[in-house]
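File shown: start.txt (compact mmCIF, C-alpha atoms).
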```txt
# COMPACT_ATOMS: atom_id res chain seq x y z
CA MET T 114 -7.07 -1.86 -19.65
CA THR T 115 -5.40 0.18 -22.36
CA THR T 116 -7.28 3.38 -21.46
CA PHE T 117 -6.33 2.76 -17.85
CA ARG T 118 -2.65 2.54 -18.73
CA ARG T 119 -2.85 5.47 -21.12
CA VAL T 120 -4.51 7.73 -18.52
CA ALA T 121 -2.01 6.72 -15.84
CA LEU T 122 0.91 7.42 -18.15
CA LEU T 123 -0.59 10.76 -19.24
CA VAL T 124 -0.95 11.90 -15.63
CA LEU T 125 2.62 10.80 -15.00
CA ARG T 126 3.87 12.61 -18.11
CA LYS T 127 2.08 15.80 -17.06
CA ASP T 128 3.65 15.69 -13.59
CA VAL T 129 7.10 14.91 -14.94
CA ALA T 130 6.85 17.71 -17.52
CA ILE T 131 5.90 20.28 -14.88
CA GLU T 132 8.64 19.07 -12.56
CA VAL T 133 11.34 19.00 -15.24
CA LYS T 134 10.46 22.57 -16.15
CA SER T 135 10.46 24.01 -12.63
CA LEU T 136 12.58 21.49 -10.63
CA GLU T 137 10.76 22.91 -7.63
CA ILE T 138 9.80 19.77 -5.74
CA ILE T 139 12.90 17.72 -6.44
CA SER T 140 15.28 20.48 -5.40
CA THR T 141 13.42 21.41 -2.21
CA THR T 142 12.90 17.74 -1.30
CA LEU T 143 16.55 16.95 -1.83
CA PHE T 144 17.69 19.91 0.22
CA PHE T 145 15.33 18.94 3.01
CA ALA T 146 16.51 15.31 2.92
CA VAL T 147 20.15 16.38 3.16
CA SER T 148 19.43 18.68 6.10
CA CYS T 149 17.55 15.81 7.75
CA VAL T 150 20.62 13.59 7.39
CA LEU T 151 22.78 16.30 8.95
CA VAL T 152 20.42 16.90 11.88
CA PHE T 153 20.40 13.20 12.67
CA ALA T 154 24.14 12.96 12.22
CA PHE T 155 24.64 15.56 14.96
CA ALA T 156 22.36 13.56 17.23
CA LEU T 157 23.85 10.16 16.59
CA VAL T 158 27.58 10.65 15.98
CA ARG T 159 29.72 10.32 19.10
CA GLU T 160 33.49 10.63 19.27
CA GLY T 161 33.65 10.84 15.51
CA SER T 162 31.97 7.49 14.89
CA ILE T 163 28.34 6.65 14.45
CA VAL T 164 26.08 4.56 16.67
CA ALA T 165 25.68 1.05 15.23
CA ASP T 166 22.90 0.63 12.63
CA ALA T 167 22.14 4.35 12.69
CA ALA T 168 23.02 4.84 9.00
CA ALA T 169 20.07 2.66 7.94
CA GLY T 170 17.76 4.55 10.28
CA ILE T 171 18.96 7.96 9.11
CA LEU T 172 18.46 7.00 5.47
CA TRP T 173 14.88 5.86 6.02
CA ILE T 174 13.96 8.80 8.24
CA ALA T 175 15.24 11.17 5.58
CA ILE T 176 13.18 9.34 2.95
CA ALA T 177 10.02 9.37 5.08
CA PHE T 178 10.30 13.04 6.06
CA SER T 179 11.21 14.35 2.65
CA GLY T 180 8.59 12.06 1.09
CA THR T 181 5.91 13.68 3.22
CA LEU T 182 7.08 17.08 2.05
CA ALA T 183 7.06 16.02 -1.59
CA LEU T 184 3.57 14.53 -1.28
CA GLY T 185 2.24 17.74 0.20
CA ARG T 186 3.83 19.92 -2.48
CA THR T 187 2.67 17.72 -5.37
CA PHE T 188 -0.95 18.08 -4.38
CA GLU T 189 -0.59 21.70 -3.33
CA ARG T 190 0.29 22.41 -6.95
CA GLU T 191 -2.90 20.69 -8.10
CA ARG T 192 -4.93 22.63 -5.56
CA TYR T 193 -3.42 25.99 -6.40
CA ALA T 194 -4.40 25.78 -10.01
CA GLU T 195 -7.68 23.96 -9.24
CA THR T 196 -6.49 21.28 -11.61
CA LEU T 197 -7.36 18.33 -9.40
CA ARG T 198 -11.04 18.98 -10.05
CA ALA T 199 -10.36 19.05 -13.77
CA LEU T 200 -8.48 15.77 -13.48
CA LEU T 201 -11.35 14.19 -11.57
CA LEU T 202 -13.91 15.52 -14.06
CA ALA T 203 -12.04 13.94 -16.96
CA PRO T 204 -13.84 10.92 -18.40
CA ALA T 205 -11.18 8.56 -17.17
CA PRO T 206 -11.08 5.87 -14.51
CA ARG T 207 -10.31 7.49 -11.15
CA ALA T 208 -8.02 4.65 -10.19
CA ALA T 209 -5.87 5.45 -13.25
CA ILE T 210 -5.42 9.01 -12.00
CA TYR T 211 -4.30 7.58 -8.66
CA VAL T 212 -1.81 5.26 -10.36
CA GLY T 213 -0.43 8.13 -12.45
CA LYS T 214 0.06 10.29 -9.36
CA LEU T 215 1.62 7.39 -7.48
CA LEU T 216 4.10 6.71 -10.29
CA GLY T 217 5.06 10.38 -10.33
CA ILE T 218 5.79 10.42 -6.60
CA VAL T 219 7.68 7.12 -6.71
CA LEU T 220 9.79 8.49 -9.56
CA LEU T 221 10.49 11.69 -7.64
CA LEU T 222 11.47 9.89 -4.45
CA THR T 223 13.62 7.40 -6.36
CA GLY T 224 15.40 10.38 -7.87
CA ALA T 225 16.00 11.81 -4.41
CA GLU T 226 17.24 8.43 -3.15
CA LEU T 227 19.77 8.22 -5.98
CA LEU T 228 21.56 11.12 -4.35
CA LEU T 229 20.70 10.37 -0.75
CA VAL T 230 22.04 6.81 -0.65
CA PRO T 231 25.58 7.65 -1.83
CA LEU T 232 25.58 10.66 0.49
CA VAL T 233 24.70 8.60 3.57
CA ALA T 234 27.14 5.88 2.48
CA LEU T 235 29.88 8.47 2.14
CA LEU T 236 29.22 10.39 5.34
CA PHE T 237 28.88 7.36 7.58
CA SER T 238 31.17 5.02 5.62
CA ALA T 239 28.27 2.55 5.44
CA PRO T 240 28.83 -0.36 3.03
CA PHE T 241 25.54 0.24 1.18
CA PHE T 242 26.91 -1.09 -2.08
CA ALA T 243 27.93 -4.55 -0.87
CA ARG T 244 24.54 -5.85 -2.05
CA PRO T 245 23.31 -3.24 -4.56
CA LEU T 246 20.40 -5.28 -5.90
CA LEU T 247 18.94 -6.12 -2.50
CA LEU T 248 19.32 -2.52 -1.36
CA ALA T 249 17.63 -1.27 -4.52
CA GLY T 250 14.80 -3.77 -3.97
CA LEU T 251 14.28 -2.66 -0.37
CA LEU T 252 14.34 1.01 -1.31
CA LEU T 253 11.94 0.57 -4.21
CA ALA T 254 9.47 -1.62 -2.30
CA GLY T 255 9.61 0.72 0.69
CA THR T 256 9.15 3.83 -1.43
CA ILE T 257 6.20 2.30 -3.25
CA GLY T 258 4.53 1.32 0.03
CA PHE T 259 5.07 4.74 1.57
CA ALA T 260 3.93 6.56 -1.57
CA ALA T 261 0.88 4.30 -2.05
CA VAL T 262 -0.61 5.31 1.28
CA GLY T 263 0.74 8.86 1.04
CA THR T 264 -0.72 9.57 -2.40
CA LEU T 265 -4.18 8.52 -1.30
CA PHE T 266 -4.11 10.59 1.90
CA ALA T 267 -2.54 13.62 0.24
CA ALA T 268 -5.16 13.51 -2.51
CA MET T 269 -7.96 13.35 0.05
CA LEU T 270 -6.46 16.17 2.08
CA VAL T 271 -6.38 18.60 -0.83
CA ARG T 272 -9.78 19.92 0.18
CA SER T 273 -8.97 20.05 3.88
CA ARG T 274 -7.93 23.29 5.57
CA THR T 275 -5.59 21.52 7.97
CA ARG T 276 -3.79 19.39 5.35
CA ASP T 277 -0.26 20.41 6.35
CA ILE T 278 -0.58 18.92 9.80
CA MET T 279 -2.99 16.11 8.93
CA LEU T 280 -0.78 14.41 6.34
CA PRO T 281 2.00 13.35 8.74
CA ILE T 282 -0.53 12.54 11.47
CA LEU T 283 -2.31 10.10 9.19
CA LEU T 284 0.67 8.83 7.27
CA TYR T 285 3.19 7.88 9.94
CA PRO T 286 1.11 5.50 12.08
CA ILE T 287 0.05 3.61 8.95
CA THR T 288 3.49 3.44 7.35
CA VAL T 289 5.40 2.34 10.45
CA PRO T 290 5.67 -1.25 9.11
CA VAL T 291 7.44 0.18 6.04
CA ILE T 292 9.91 2.05 8.22
CA ILE T 293 10.57 -0.98 10.45
CA ALA T 294 11.01 -3.33 7.48
CA GLY T 295 13.13 -0.81 5.56
CA VAL T 296 15.41 0.01 8.47
CA ARG T 297 15.86 -3.59 9.62
CA GLY T 298 16.37 -4.86 6.08
CA THR T 299 18.94 -2.17 5.32
CA ALA T 300 20.67 -2.71 8.67
CA ALA T 301 20.93 -6.44 7.87
CA LEU T 302 22.78 -5.51 4.67
CA LEU T 303 25.12 -3.18 6.55
CA ALA T 304 26.16 -5.73 9.16
CA ASP T 305 29.61 -7.33 9.07
CA GLY T 306 29.01 -10.13 6.64
CA PRO T 307 25.65 -9.00 5.15
CA ASP T 308 22.68 -11.08 6.29
CA ASP T 309 21.00 -11.73 2.93
CA ALA T 310 18.31 -14.01 4.34
CA ALA T 311 17.05 -11.35 6.75
CA ALA T 312 17.05 -8.69 4.01
CA VAL T 313 15.08 -10.96 1.68
CA MET T 314 12.58 -11.66 4.47
CA TRP T 315 12.04 -7.92 5.06
CA LEU T 316 11.76 -7.41 1.32
CA GLY T 317 8.94 -9.96 1.43
CA VAL T 318 7.17 -8.04 4.21
CA LEU T 319 7.50 -4.82 2.18
CA SER T 320 6.17 -6.42 -0.99
CA MET T 321 3.17 -7.79 0.89
CA PHE T 322 2.52 -4.34 2.36
CA ASP T 323 2.69 -2.85 -1.15
CA VAL T 324 0.24 -5.34 -2.60
CA VAL T 325 -2.31 -4.95 0.22
CA PHE T 326 -2.17 -1.16 0.42
CA ILE T 327 -2.14 -0.50 -3.32
CA THR T 328 -5.19 -2.75 -3.66
CA LEU T 329 -6.86 -0.97 -0.77
CA SER T 330 -6.06 2.47 -2.23
CA LEU T 331 -7.31 1.57 -5.70
CA TRP T 332 -10.47 0.25 -4.10
CA THR T 333 -11.12 3.31 -1.92
CA PHE T 334 -9.88 6.11 -4.23
CA GLU T 335 -13.12 6.28 -6.20
CA PRO T 336 -15.54 6.70 -3.25
CA LEU T 337 -13.09 8.92 -1.38
CA MET T 338 -12.62 11.41 -4.18
CA THR T 339 -16.34 11.69 -4.96
CA GLU T 340 -17.82 14.81 -3.46
CA MET Z 183 -31.49 -2.61 21.74
CA ARG Z 184 -33.09 0.36 23.54
CA LYS Z 185 -35.29 -1.95 25.60
CA LEU Z 186 -32.36 -4.20 26.40
CA PHE Z 187 -30.07 -1.35 27.35
CA ALA Z 188 -31.19 -0.86 30.97
CA PRO Z 189 -31.23 -4.58 31.92
CA LEU Z 190 -27.86 -5.10 30.24
CA THR Z 191 -26.39 -2.16 32.11
CA ILE Z 192 -27.53 -3.77 35.37
CA VAL Z 193 -25.99 -7.09 34.26
CA ALA Z 194 -22.71 -5.35 33.42
CA ALA Z 195 -22.66 -3.51 36.75
CA ALA Z 196 -23.31 -6.79 38.59
CA MET Z 197 -20.54 -8.49 36.63
CA PHE Z 198 -18.06 -5.73 37.44
CA ALA Z 199 -19.09 -5.92 41.10
CA TYR Z 200 -18.65 -9.69 41.22
CA ALA Z 201 -15.43 -9.86 39.18
CA PRO Z 202 -13.10 -8.79 42.06
CA ILE Z 203 -14.48 -11.63 44.19
CA MET Z 204 -13.75 -14.13 41.44
CA ILE Z 205 -10.31 -12.64 40.82
CA ALA Z 206 -9.50 -12.75 44.53
CA GLY Z 207 -10.49 -16.42 44.53
CA ALA Z 208 -8.26 -17.28 41.58
CA PRO Z 209 -4.95 -19.02 42.35
CA TYR Z 210 -1.71 -17.01 42.60
CA GLU Z 211 0.66 -17.26 39.68
CA SER Z 212 3.81 -19.15 40.75
CA THR Z 213 6.47 -16.50 40.00
CA MET Z 214 4.68 -13.14 39.88
CA GLY Z 215 2.26 -13.71 42.76
CA LEU Z 216 -0.24 -10.93 43.45
CA VAL Z 217 1.05 -8.72 40.63
CA GLN Z 218 -0.27 -11.12 38.06
CA LYS Z 219 -3.87 -10.29 39.08
CA ILE Z 220 -3.74 -7.20 36.86
CA PHE Z 221 -3.93 -9.69 34.01
CA TYR Z 222 -7.72 -9.98 34.56
CA PHE Z 223 -7.98 -6.29 33.80
CA HIS Z 224 -5.19 -5.81 31.27
CA VAL Z 225 -5.96 -8.53 28.72
CA PRO Z 226 -9.77 -7.99 28.62
CA SER Z 227 -9.22 -4.28 27.90
CA TRP Z 228 -7.24 -5.25 24.80
CA PHE Z 229 -10.00 -7.67 23.76
CA ALA Z 230 -12.46 -4.80 24.06
CA MET Z 231 -10.15 -2.44 22.19
CA PHE Z 232 -9.69 -4.75 19.22
CA THR Z 233 -13.43 -5.39 19.09
CA ALA Z 234 -13.94 -1.62 18.84
CA VAL Z 235 -11.16 -1.34 16.22
CA PHE Z 236 -12.80 -3.88 13.97
CA VAL Z 237 -16.26 -2.38 14.46
CA CYS Z 238 -14.79 1.02 13.52
CA GLY Z 239 -13.02 -0.35 10.43
CA ILE Z 240 -16.00 -2.33 9.15
CA GLU Z 241 -18.54 0.45 9.77
CA SER Z 242 -16.21 2.91 8.03
CA GLY Z 243 -16.14 0.59 5.02
CA ILE Z 244 -19.95 0.45 5.00
CA TYR Z 245 -20.09 4.24 5.22
CA LEU Z 246 -17.60 4.72 2.42
CA PHE Z 247 -19.10 2.26 -0.04
CA LYS Z 248 -22.80 2.39 0.85
CA GLY Z 249 -22.90 6.03 1.94
CA LYS Z 250 -24.86 5.26 5.10
CA ALA Z 251 -24.50 8.15 7.54
CA SER Z 252 -25.56 5.94 10.45
CA ALA Z 253 -22.57 3.64 9.84
CA ASP Z 254 -20.29 6.67 10.11
CA ARG Z 255 -21.78 7.53 13.50
CA ILE Z 256 -21.22 3.99 14.77
CA ALA Z 257 -17.63 4.18 13.49
CA ALA Z 258 -17.08 7.48 15.28
CA ALA Z 259 -18.35 5.97 18.53
CA ALA Z 260 -16.23 2.84 18.06
CA GLY Z 261 -13.12 4.93 17.36
CA GLU Z 262 -13.48 6.75 20.66
CA ILE Z 263 -14.13 3.53 22.55
CA ALA Z 264 -11.08 1.88 20.95
CA VAL Z 265 -8.91 4.73 22.24
CA LEU Z 266 -10.54 4.53 25.68
CA PHE Z 267 -9.86 0.80 26.12
CA GLY Z 268 -6.45 1.26 24.53
CA CYS Z 269 -5.62 3.81 27.24
CA MET Z 270 -6.65 1.27 29.86
CA GLY Z 271 -4.36 -1.33 28.35
CA LEU Z 272 -1.51 1.15 28.03
CA VAL Z 273 -1.85 2.17 31.67
CA THR Z 274 -2.16 -1.33 33.13
CA GLY Z 275 0.58 -2.74 30.90
CA PRO Z 276 3.47 -0.57 32.19
CA LEU Z 277 2.25 -1.05 35.79
CA TRP Z 278 2.51 -4.80 35.33
CA GLY Z 279 5.76 -4.53 33.39
CA ARG Z 280 7.39 -2.41 36.10
CA LYS Z 281 6.78 -5.17 38.63
CA SER Z 282 7.48 -8.25 36.53
CA TRP Z 283 10.19 -7.02 34.09
CA GLY Z 284 11.57 -4.21 36.25
CA VAL Z 285 10.98 -1.52 33.60
CA TRP Z 286 7.96 0.57 32.67
CA TRP Z 287 8.29 0.09 28.96
CA GLN Z 288 10.01 -2.40 26.71
CA TRP Z 289 10.38 -2.01 22.96
CA ASP Z 290 8.75 -5.35 22.63
CA ALA Z 291 6.59 -6.52 19.74
CA ARG Z 292 3.22 -6.56 21.38
CA LEU Z 293 3.75 -3.33 23.29
CA THR Z 294 4.91 -1.51 20.20
CA MET Z 295 2.02 -2.87 18.19
CA ALA Z 296 -0.51 -1.81 20.83
CA LEU Z 297 1.00 1.66 20.92
CA LEU Z 298 0.87 1.98 17.14
CA VAL Z 299 -2.72 0.81 16.84
CA GLN Z 300 -3.58 3.25 19.60
CA LEU Z 301 -1.78 6.03 17.68
CA THR Z 302 -3.70 5.17 14.52
CA PHE Z 303 -7.01 5.60 16.27
CA VAL Z 304 -5.94 8.76 18.07
CA ALA Z 305 -5.10 10.06 14.58
CA TYR Z 306 -8.59 8.94 13.51
CA LEU Z 307 -10.14 11.04 16.28
CA LEU Z 308 -7.88 14.01 15.46
CA VAL Z 309 -8.99 13.94 11.84
CA ARG Z 310 -12.61 13.77 12.85
CA LYS Z 311 -12.21 16.73 15.17
CA PHE Z 312 -9.83 19.00 13.27
CA GLY Z 313 -10.09 17.78 9.68
CA GLY Z 314 -12.67 20.41 8.80
CA PRO Z 315 -15.66 19.84 6.51
CA GLY Z 316 -15.64 16.54 4.65
CA SER Z 317 -13.30 14.93 7.13
CA GLU Z 318 -15.68 12.01 7.72
CA LYS Z 319 -14.51 10.30 4.55
CA LEU Z 320 -10.91 10.93 5.40
CA ALA Z 321 -11.45 9.47 8.85
CA ALA Z 322 -13.22 6.46 7.32
CA ALA Z 323 -10.23 5.79 5.09
CA MET Z 324 -7.95 6.09 8.11
CA ALA Z 325 -10.03 3.55 10.02
CA ILE Z 326 -10.02 1.07 7.11
CA PHE Z 327 -6.28 1.47 6.58
CA GLY Z 328 -5.73 1.19 10.31
CA MET Z 329 -7.67 -2.04 10.47
CA PHE Z 330 -5.74 -3.58 7.58
CA ASN Z 331 -2.53 -2.33 9.12
CA VAL Z 332 -3.00 -4.39 12.29
CA PRO Z 333 -1.57 -7.65 10.83
CA PHE Z 334 1.37 -5.77 9.28
CA VAL Z 335 2.25 -3.99 12.46
CA TYR Z 336 1.93 -7.28 14.28
CA MET Z 337 4.10 -9.15 11.80
CA SER Z 338 6.83 -6.52 11.53
CA VAL Z 339 7.21 -5.90 15.24
CA ASN Z 340 6.94 -9.61 16.00
CA ILE Z 341 9.93 -10.39 13.82
CA TRP Z 342 11.66 -7.35 15.24
CA ARG Z 343 11.65 -8.52 18.87
CA THR Z 344 9.47 -10.00 21.57
CA ILE Z 345 9.54 -10.73 25.32
CA HIS Z 346 5.83 -10.38 26.01
CA PRO Z 347 4.05 -13.65 26.87
CA PRO Z 348 2.56 -14.97 23.62
CA THR Z 349 -1.21 -15.24 23.14
CA THR Z 350 -0.86 -19.00 23.44
CA VAL Z 351 -0.70 -18.62 27.24
CA ILE Z 352 -4.44 -18.04 27.32
CA PRO Z 353 -5.60 -21.55 26.30
CA ARG Z 354 -2.96 -23.00 28.66
CA LEU Z 355 -3.80 -21.07 31.82
CA PRO Z 356 -3.41 -23.05 35.06
CA SER Z 357 -6.67 -24.36 36.49
CA GLY Z 358 -8.66 -21.80 38.45
CA MET Z 359 -7.53 -18.91 36.23
CA PRO Z 360 -9.64 -19.36 33.07
CA GLY Z 361 -12.93 -18.88 34.99
CA PRO Z 362 -12.25 -15.37 36.32
CA PHE Z 363 -10.39 -14.49 33.12
CA TRP Z 364 -13.23 -15.25 30.73
CA PHE Z 365 -15.67 -13.69 33.18
CA SER Z 366 -13.65 -10.46 33.04
CA VAL Z 367 -13.45 -10.66 29.25
CA ALA Z 368 -17.22 -11.04 29.05
CA ALA Z 369 -17.72 -8.08 31.41
CA PHE Z 370 -15.37 -5.88 29.39
CA LEU Z 371 -16.95 -6.85 26.07
CA LEU Z 372 -20.39 -6.15 27.47
CA LEU Z 373 -19.19 -2.76 28.71
CA CYS Z 374 -17.69 -2.11 25.28
CA VAL Z 375 -21.01 -2.89 23.55
CA LEU Z 376 -22.99 -0.78 26.01
CA LEU Z 377 -20.69 2.21 25.59
CA LEU Z 378 -20.87 1.78 21.85
CA VAL Z 379 -24.66 1.82 21.89
CA LEU Z 380 -24.76 4.82 24.19
CA ARG Z 381 -22.21 6.80 22.21
CA THR Z 382 -23.85 5.96 18.88
CA GLU Z 383 -27.20 7.11 20.27
CA LEU Z 384 -25.62 10.43 21.25
CA GLU Z 385 -24.18 10.78 17.76
CA HIS Z 386 -27.60 10.02 16.19
CA ARG Z 387 -29.22 12.69 18.35
CA ARG Z 388 -26.54 15.18 17.46
CA ALA Z 389 -27.18 14.51 13.77
CA ALA Z 390 -30.95 14.86 14.31
CA LEU Z 391 -30.38 18.17 16.09
CA ASP Z 392 -28.21 19.42 13.22
CA ALA Z 393 -30.94 18.45 10.79
CA LEU Z 394 -33.50 20.41 12.84
CA TYR Z 395 -31.28 23.49 12.88
CA LEU Z 396 -30.88 23.28 9.12
CA GLU Z 397 -34.64 23.06 8.70
CA GLU Z 398 -35.10 26.11 10.91
CA GLU Z 399 -32.75 28.13 8.75
```

Written form, structure tokens:
Amino acid sequence: MTTFRRVALLVLRKDVAIEVKSLEIISTTLFFAVSCVLVFAFALVREGSIVADAAAGILWIAIAFSGTLALGRTFERERYAETLRALLLAPAPRAAIYVGKLLGIVLLLTGAELLLVPLVALLFSAPFFARPLLLAGLLLAGTIGFAAVGTLFAAMLVRSRTRDIMLPILLYPITVPVIIAGVRGTAALLADGPDDAAAVMWLGVLSMFDVVFITLSLWTFEPLMTE
Amino acid sequence: MRKLFAPLTIVAAAMFAYAPIMIAGAPYESTMGLVQKIFYFHVPSWFAMFTAVFVCGIESGIYLFKGKASADRIAAAAGEIAVLFGCMGLVTGPLWGRKSWGVWWQWDARLTMALLVQLTFVAYLLVRKFGGPGSEKLAAAMAIFGMFNVPFVYMSVNIWRTIHPPTTVIPRLPSGMPGPFWFSVAAFLLLCVLLLVLRTELEHRRAALDALYLEEE
């Protein structure tokens, strides 16, 4: 178990080090997320005020879209330098490499959310911070679920010629439960008099999704990444 | 199965020929009247679709973990058949909905779930077709994830909203309806199995042909 943890943390440290040095993915992802928010704002703001519940939807759409972009870029980097093969050749458990990559993407997306959430709250005067802990729980559980499926698919697609188009095609149908649970849970928190019970229930759905799909990914990563 | 194929095809054809007679003989539903008859077509197509979905998911798992190429071919066939029966359900559903709810589409739990499962398997077919070399494994993962996603989609959309009649209506059908209903289900499932066998056979032959070409080179 210790080698597993060590390998996962090493992969994470490598990704963080590259990212801290270049800031390429975080800056492009953030910019894309902000433009997403603006595009949806133009579609959903009427007479100066926003359609009910739309703030929650906009937040999660921005996370899902920019997350897809970040996933693609993270693995593009590995492909460009042919380093994914080196990683897979390393005498380390494959599942640990997956966990390391997953942690890196979750960290990246959490970083993006740290800016995105206040921005959406500010632009749409949404009371996101009435229940900060529940909101953080929903965001974290949702991000983990989205990234768990996304990391596996993005890793598999590295070798595919059509990866740019295939990633969203594969990812969105599978992660729809995450989007529904995230949006409904967040909307419950935004309502007049936050509905804690509903948010907790959606948090439960998200956590279950995380457990099932992380297990499934750990289980299938090894045969999938074997050539 | 090859020997059984021809007789079973005849049985299926006879069942499909006889089904309209049985459906015509079934009692009218009290509020929807004639419109409700589409039920004998609509619900069995979903039964057939979910059978194909689970065959696709399980065979993909066998392919991924045991490396059996034949399992992959069965999964490919099942994926196509799932989409085919899904299309049937998605066409008959709105027709029924237009008459009984007054709208073509409702963002209702079961409808949304059916659409999403359908999307998952269309994505499966897209990956198989356009994924390039090595896409079989990718498609297999998609099928497995899609299969495990069914309960989640169901749960999340079910909490979200529902107006569709729940599945519990089936055991409580008024007398005279269960007969034609289960007859239709049996006919659809038989058709599903026959198509699966036929399509898998085609896939096997395609693989054999590829192998011959490779030998020639």

12 Å contact set for Met270 in chain Z, all atoms listed in the file, chain neighbours under 4 positions out, as a list in words: Ile220, Phe223, His224, Val225, Pro226, Ser227, Trp228, Phe229, Ala230, Met231, Ile263, Ala264, Val265, Leu266, Thr274, Gly275, Pro276, Leu277, Ala296, Leu297, Gln300 and Phe370 of chain Z

10 Å contacts from chain T to chain Z using only C-alpha atoms, as a ChimeraX atom specification: /T:262,265-266,269-270,272-276,278-294,297,314-315,318-319,321-322,325-326,329-330,332-340

Nearest candidate to Leu377 in chain Z (options Z:Tyr200, Z:Phe236, Z:Phe187, Z:Trp289; using only C-alpha atoms):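 The answer is Z:Phe187, which sits nearest to Leu377 in chain Z.
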
Computed interatomic separation between CA of Val379 in chain Z and CA of Gly239 in chain Z (Å):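 One can read the CA of Val379 in chain Z to CA of Gly239 in chain Z distance as 16.5 Å.
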
Two-atom distance - CA of Pro360 in chain Z, CA of Met197 in chain Z (Å): 15.8 Å

Residue nearest Met204 in chain Z - candidates Z:Trp283, Z:Phe365, Z:Tyr395, Z:Phe232, atoms counted: only C-alpha atoms: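 Of all the options, Z:Phe365 lies closest to Met204 in chain Z.
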
May I have the residues within 9 Å of range 157-171 of chain T as an mmCIF file with C-alpha atoms, in the frame of the given file, using all atoms listed in the file and disregarding those fewer than 6 positions away in the same chain?
```
data_model
loop_
_atom_site.group_PDB
_atom_site.id
_atom_site.type_symbol
_atom_site.label_atom_id
_atom_site.label_comp_id
_atom_site.auth_asym_id
_atom_site.auth_seq_id
_atom_site.Cartn_x
_atom_site.Cartn_y
_atom_site.Cartn_z
ATOM 1 C CA CYS T 149 17.550 15.810 7.750
ATOM 2 C CA VAL T 150 20.620 13.590 7.390
ATOM 3 C CA VAL T 233 24.700 8.600 3.570
ATOM 4 C CA ALA T 234 27.140 5.880 2.480
ATOM 5 C CA PHE T 237 28.880 7.360 7.580
ATOM 6 C CA SER T 238 31.170 5.020 5.620
ATOM 7 C CA ALA T 239 28.270 2.550 5.440
ATOM 8 C CA ILE T 292 9.910 2.050 8.220
ATOM 9 C CA GLY T 295 13.130 -0.810 5.560
ATOM 10 C CA VAL T 296 15.410 0.010 8.470
ATOM 11 C CA ARG T 297 15.860 -3.590 9.620
ATOM 12 C CA GLY T 298 16.370 -4.860 6.080
ATOM 13 C CA THR T 299 18.940 -2.170 5.320
ATOM 14 C CA ALA T 300 20.670 -2.710 8.670
ATOM 15 C CA ALA T 301 20.930 -6.440 7.870
ATOM 16 C CA LEU T 303 25.120 -3.180 6.550
ATOM 17 C CA ALA T 304 26.160 -5.730 9.160
#
```

Å distance separating CA of Ala225 in chain T from CA of Phe259 in chain T, one decimal place: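 Rounded to one decimal, the two atoms are 14.3 Å apart.
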
Sorted by chain and rising residue number, list the residues of range 207-239 of chain T at most 6 Å from range 115-122 of chain T (counting all atoms listed in the file), each with its closest atom pair and distance in Å to one decimal, as CSV.
```
residue,atom,partner,partner_atom,distance
T:Ala209,CA,T:Ala121,CA,4.8
T:Ile210,CA,T:Ala121,CA,5.6
T:Val212,CA,T:Ala121,CA,5.7
T:Gly213,CA,T:Ala121,CA,4.0
```

Residue among Z:Val237, Z:Ala251, Z:Leu293, Z:Ile256 lying closest to Val273 in chain Z, counting only C-alpha atoms: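 For Val273 in chain Z, the nearest of the given residues is Z:Leu293.
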
Nearest-residue call for Ala234 in chain Z, choices Z:Asp392, Z:Asp254, Z:Glu262, Z:Glu399, using all atoms listed in the file: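 The answer is Z:Glu262, which sits nearest to Ala234 in chain Z.
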
First collect every listed atom of range 174-185 of chain T; then fit an axis-aligned box around them, widen it by 8 Å on each side, and give centre and edge lengths in Å to one decimal, as lines of an AutoDock Vina configuration file.
```
center_x = 8.7
center_y = 13.3
center_z = 3.3
size_x = 29.0
size_y = 24.9
size_z = 25.8
```
